[in-house]
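Step one of this worksheet: look at the structure below.
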Amino acid sequence: MTTDQDLPMDCQSATAIFAAKGIDVTSSKDQGVIKIVKRQGVDGEQPMLQDRVTVHYTGRLLNGKKFDCSRDRKQPFTFSVGKGQVLKAWDIGVLSMQRGELSMFLCKPEYAYGSNGNPNKIPPESSVVFEMELLKFEGEALTSDGGIIRRIKVKGDGFANPNDGAMVDVHLEGTCDGRLFDCRDVTFVVGEAEDKGVPLGVDRAMDNMQKGECCILYMKPKYAFGSEGKPEYKIGPDKDVVYEVTLKDFKRAGRHYQAVIQYQRIITWLEMECGIGKEQQKKIRDFILTSHLNLALCFLRLKEFSQAVDSCNKVIELDGSNEKALYRRGEAHLLRNEFSLAIADFQQVLQVNPSNRAARAQISMCQNKIKEHHEHDKKTYANMFQKFAERDAKTRKTKRIRDDSTRSSMNGEVGIKRRRRSQDCPS
């Protein structure tokens with residue numbers, strides 16, 4: 001606690017005291033926020049970015065006039081550090097404090113109320129003094145049940161975050177009861193981290209992180225290794241774990257890939273639901289069917305035609321006359337150049353709904369594609385046969401020339417022998 005006598009009553013004296021006894025806590029060391037510790041904290045731990053901190057404070061002008069005080073209201077003030085919820089000087093100052101610490105901060109206008117001041121309270125371009133007591137702080141809860149708490153050691157760059165389906169490159173260090181059990185670089189798809197042995201809590205934290213960020217995640221068993229534990233890491237059941245995570249790089253997923261991840265999650269959740277009563281079971285079935293249909297559409301947009309066919313097949317298993325599933329499966333077959341299968345699907349669509357003009361148009365397209373392929377095959381084979389014929393003709397011509405040359409050579413030799421015999425005969 002402080003009294004009015006703790007503060008000098010004129011601007012010059014206040015500035016002189018902070019200059020003589022204070023510490024500049026700004027990163028740029030521009031004397032924008034100068035701190036004097038009045039009472040040390042109870043431990044060495046300090047708040048981190050985005051922690052929730054609770055403080056008591058008193059604000060005064062340099063002449064000692066009080067303009068705000070939480071103690072007068074008998075209610076401490078809570079805010080998240082580094083989110084722009086308070087004055088810049090507060091964000092900077094509180095990061096330098098320990099739990100239980102009581103300090104005073106001299107804040108220049110650019111770190112406080114700026115060129116405008118605060119009407120009826122603070123004149124423009126005024127430096128101010130805050131006395132602040134840090135009562136408590138805690139990490140940011142990333143889930144409503146408090147199962148994942150994040151504390152940021154190093155702030156990331158920019159404002160972009162990985163989304164579902166993004167490819168992330170991270171460094172992990174996992175500890176349990178103070179023992180390091182996991183230390184590695186790993187790349188995984190957000191939403192599928194458990195395929196690489198990465199806990200769900202780390203996966204869930206990704207969409208809150210920026211490139212270059214290093215944070216500490218405190219995870220309850222539900223978001224770590226659950227009731228089964230992790231024998232290969234020598235972690236028993238229902239253990240809290242802590243992961244230090246550095247997001248080295250990431251590549252955001254397109255909206256269709258992101259949707260694929262979401263629909264796959266929905267289907268997994270719904271398939272685990274039993275449902276009470278026929279009506280609820282029917283609703284669950286309808287949701288699963290719709291999710292598979294939407295999944296098929298996403299796969300079509302991503303040109304993953306085999307997976308689109310698989311999703312449609314799952315719908316057709318539930319509803320053999322589903323018009324959308326038959327149509328989308330036909331589209332997938334068409335785009336894979338499986339024209340006969342595509343026509344069969346589009347014909348089934350017409351059996352379900354004879355007025356479906358899109359299906360008729362697709363059948364015509366398939367028939368045209370078949371003709372185009374036949375024409376292409378005919379040209380290909382015609383060219384092939386022509387090349388074979390040209391090659392055979394060339395071979396025959398070469399053979400004929402060689403034979404003619406051989407005969408000419410033989411005739412020449414015969415003529416020479418005859419002349420020699422005639423010369424050898426006596427006259």
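Quick note on naming: the chains in the structure tokens go A, B, ... in the order shown, residues restart at 1 in each chain, and ligands are numbered from 1 in order of appearance.
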
Query - Residues within 12 Å of Leu61 (chain A), only C-alpha atoms, excluding chain neighbours under 3 positions, as a ChimeraX atom specification - result: /A:4,7-11,14-15,58,64-68,105-109,112-113,117-118,121-131

Cut-off 12 Å: closest region 292-327 of chain A/region 341-359 of chain A atom pairs per residue, using only C-alpha atoms, as CSV:
residue,atom,partner,partner_atom,distance
A:Val309,CA,A:Ala342,CA,11.0
A:Cys312,CA,A:Asp345,CA,11.1
A:Asn313,CA,A:Asp345,CA,11.5
A:Ile316,CA,A:Asp345,CA,11.3
A:Asp319,CA,A:Val352,CA,11.8
A:Gly320,CA,A:Gln348,CA,10.0
A:Ser321,CA,A:Val352,CA,6.4
A:Asn322,CA,A:Val352,CA,8.0
A:Glu323,CA,A:Val349,CA,5.6
A:Lys324,CA,A:Val349,CA,8.2
A:Ala325,CA,A:Val349,CA,9.0
A:Leu326,CA,A:Asp345,CA,5.5
A:Tyr327,CA,A:Phe346,CA,6.0

Report task. For Glu101 (chain A), please output as a list of chain:residue names all residues within 12 Å (counting only C-alpha atoms; exclusion window: fewer than 6 positions along the same chain). Result ->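 Neighbouring residues, sequence-local ones excluded: A:Met1, A:Lys35, A:Ile36, A:Val37, A:Lys38, A:Arg39, A:Gln40, A:Gly41, A:Val42, A:Asp43, A:Gly44, A:Glu45, A:Gln46, A:Pro47, A:Thr54, A:Val55, A:His56, A:Tyr57, A:Gly93, A:Val94, A:Leu95, A:Glu131, A:Met132, A:Glu133, A:Leu134, A:Leu135, A:Lys136, A:Phe137.
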
Generate the output file for the selected residues, C-alpha atoms, as a PDB file, in the first residue's frame.
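Below is the file that was written, out_0.pdb:
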ATOM      1  CA  MET A   1       0.000   0.000   0.000  1.00  0.00           C
ATOM      2  CA  LYS A  35       9.977   1.183 -13.179  1.00  0.00           C
ATOM      3  CA  ILE A  36      10.735   1.470  -9.468  1.00  0.00           C
ATOM      4  CA  VAL A  37      10.125  -1.655  -7.351  1.00  0.00           C
ATOM      5  CA  LYS A  38       8.548  -0.851  -3.973  1.00  0.00           C
ATOM      6  CA  ARG A  39       8.047  -4.464  -2.850  1.00  0.00           C
ATOM      7  CA  GLN A  40       9.607  -7.574  -4.364  1.00  0.00           C
ATOM      8  CA  GLY A  41       7.418 -10.451  -5.545  1.00  0.00           C
ATOM      9  CA  VAL A  42       7.082 -13.800  -3.799  1.00  0.00           C
ATOM     10  CA  ASP A  43       8.633 -15.947  -6.551  1.00  0.00           C
ATOM     11  CA  GLY A  44      10.703 -15.524  -9.682  1.00  0.00           C
ATOM     12  CA  GLU A  45       7.987 -16.391 -12.190  1.00  0.00           C
ATOM     13  CA  GLN A  46       6.640 -13.601 -14.400  1.00  0.00           C
ATOM     14  CA  PRO A  47       3.598 -13.293 -16.661  1.00  0.00           C
ATOM     15  CA  THR A  54      -5.157  -9.473 -12.028  1.00  0.00           C
ATOM     16  CA  VAL A  55      -3.863  -6.214 -10.528  1.00  0.00           C
ATOM     17  CA  HIS A  56      -4.658  -3.374  -8.200  1.00  0.00           C
ATOM     18  CA  TYR A  57      -3.577   0.017  -9.528  1.00  0.00           C
ATOM     19  CA  GLY A  93       5.208  -3.090 -17.237  1.00  0.00           C
ATOM     20  CA  VAL A  94       3.289  -6.130 -16.017  1.00  0.00           C
ATOM     21  CA  LEU A  95       5.547  -8.489 -18.013  1.00  0.00           C
ATOM     22  CA  GLU A 131       1.368   2.179  -8.953  1.00  0.00           C
ATOM     23  CA  MET A 132       0.598  -1.453  -9.714  1.00  0.00           C
ATOM     24  CA  GLU A 133       0.378  -4.573  -7.554  1.00  0.00           C
ATOM     25  CA  LEU A 134       0.376  -7.912  -9.372  1.00  0.00           C
ATOM     26  CA  LEU A 135      -2.037 -10.138  -7.475  1.00  0.00           C
ATOM     27  CA  LYS A 136      -2.058 -13.203  -9.707  1.00  0.00           C
ATOM     28  CA  PHE A 137      -1.694 -14.446 -13.287  1.00  0.00           C
TER      29      PHE A 137
END

**Report entry** Between CA of Asp169 (chain A) and CA of Thr187 (chain A) - distance in Å to one decimal
**Finding:** 4.5 Å

Report task. Would you list the contacts of region 255-266 of chain A as a ChimeraX atom specification, taking every protein, DNA or RNA residue within 10 Å and counting only C-alpha atoms, but skipping same-chain residues closer than 3 positions in sequence? Result -> /A:163-166,189-192,252,269-271,287-288,290-302

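The neighbours of Lys83 (chain A) here are the residues that come within 9 Å of it, using only C-alpha atoms and leaving out any residue fewer than 5 positions away in the same chain; they are A:Leu49, A:Gln50, A:Asp91.
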
At most 9 Å is the cut-off: for each residue in region 229-269 of chain A with any atom that close to an atom of region 170-179 of chain A, write down the nearest atom pair and the distance in Å rounded to one decimal, counting only C-alpha atoms, chain first then increasing number, as JSON lines.
{"residue": "A:Ile235", "atom": "CA", "partner": "A:Cys176", "partner_atom": "CA", "distance": 7.5}
{"residue": "A:Lys239", "atom": "CA", "partner": "A:Cys176", "partner_atom": "CA", "distance": 7.6}
{"residue": "A:Asp240", "atom": "CA", "partner": "A:Cys176", "partner_atom": "CA", "distance": 6.8}
{"residue": "A:Val241", "atom": "CA", "partner": "A:Cys176", "partner_atom": "CA", "distance": 4.9}
{"residue": "A:Val242", "atom": "CA", "partner": "A:Thr175", "partner_atom": "CA", "distance": 5.3}
{"residue": "A:Tyr243", "atom": "CA", "partner": "A:Gly174", "partner_atom": "CA", "distance": 4.3}
{"residue": "A:Glu244", "atom": "CA", "partner": "A:Glu173", "partner_atom": "CA", "distance": 5.1}
{"residue": "A:Val245", "atom": "CA", "partner": "A:Leu172", "partner_atom": "CA", "distance": 5.0}
{"residue": "A:Thr246", "atom": "CA", "partner": "A:His171", "partner_atom": "CA", "distance": 5.1}
{"residue": "A:Leu247", "atom": "CA", "partner": "A:Val170", "partner_atom": "CA", "distance": 4.6}
{"residue": "A:Lys248", "atom": "CA", "partner": "A:Val170", "partner_atom": "CA", "distance": 5.3}
{"residue": "A:Asp249", "atom": "CA", "partner": "A:Val170", "partner_atom": "CA", "distance": 7.1}
{"residue": "A:Phe250", "atom": "CA", "partner": "A:Val170", "partner_atom": "CA", "distance": 8.6}

**Report entry** Point-to-point distance in Å for CA of Gln307 (chain A) and CA of Pro199 (chain A)
**Finding:**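 Value for the CA of Pro199 (chain A)-CA of Gln307 (chain A) distance: 27.0 Å.
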
Query - DSSP-assigned strand (DSSP E) members of region 156-347 of chain A, reported as number ranges by chain - result: A: 167-176, 179-189, 214-219, 241-251

**Report entry** Nearest-residue call for Gly330 (chain A), choices A:Gly59, A:Ile363, A:Leu87, A:Arg71, using only C-alpha atoms
**Finding:** A:Ile363
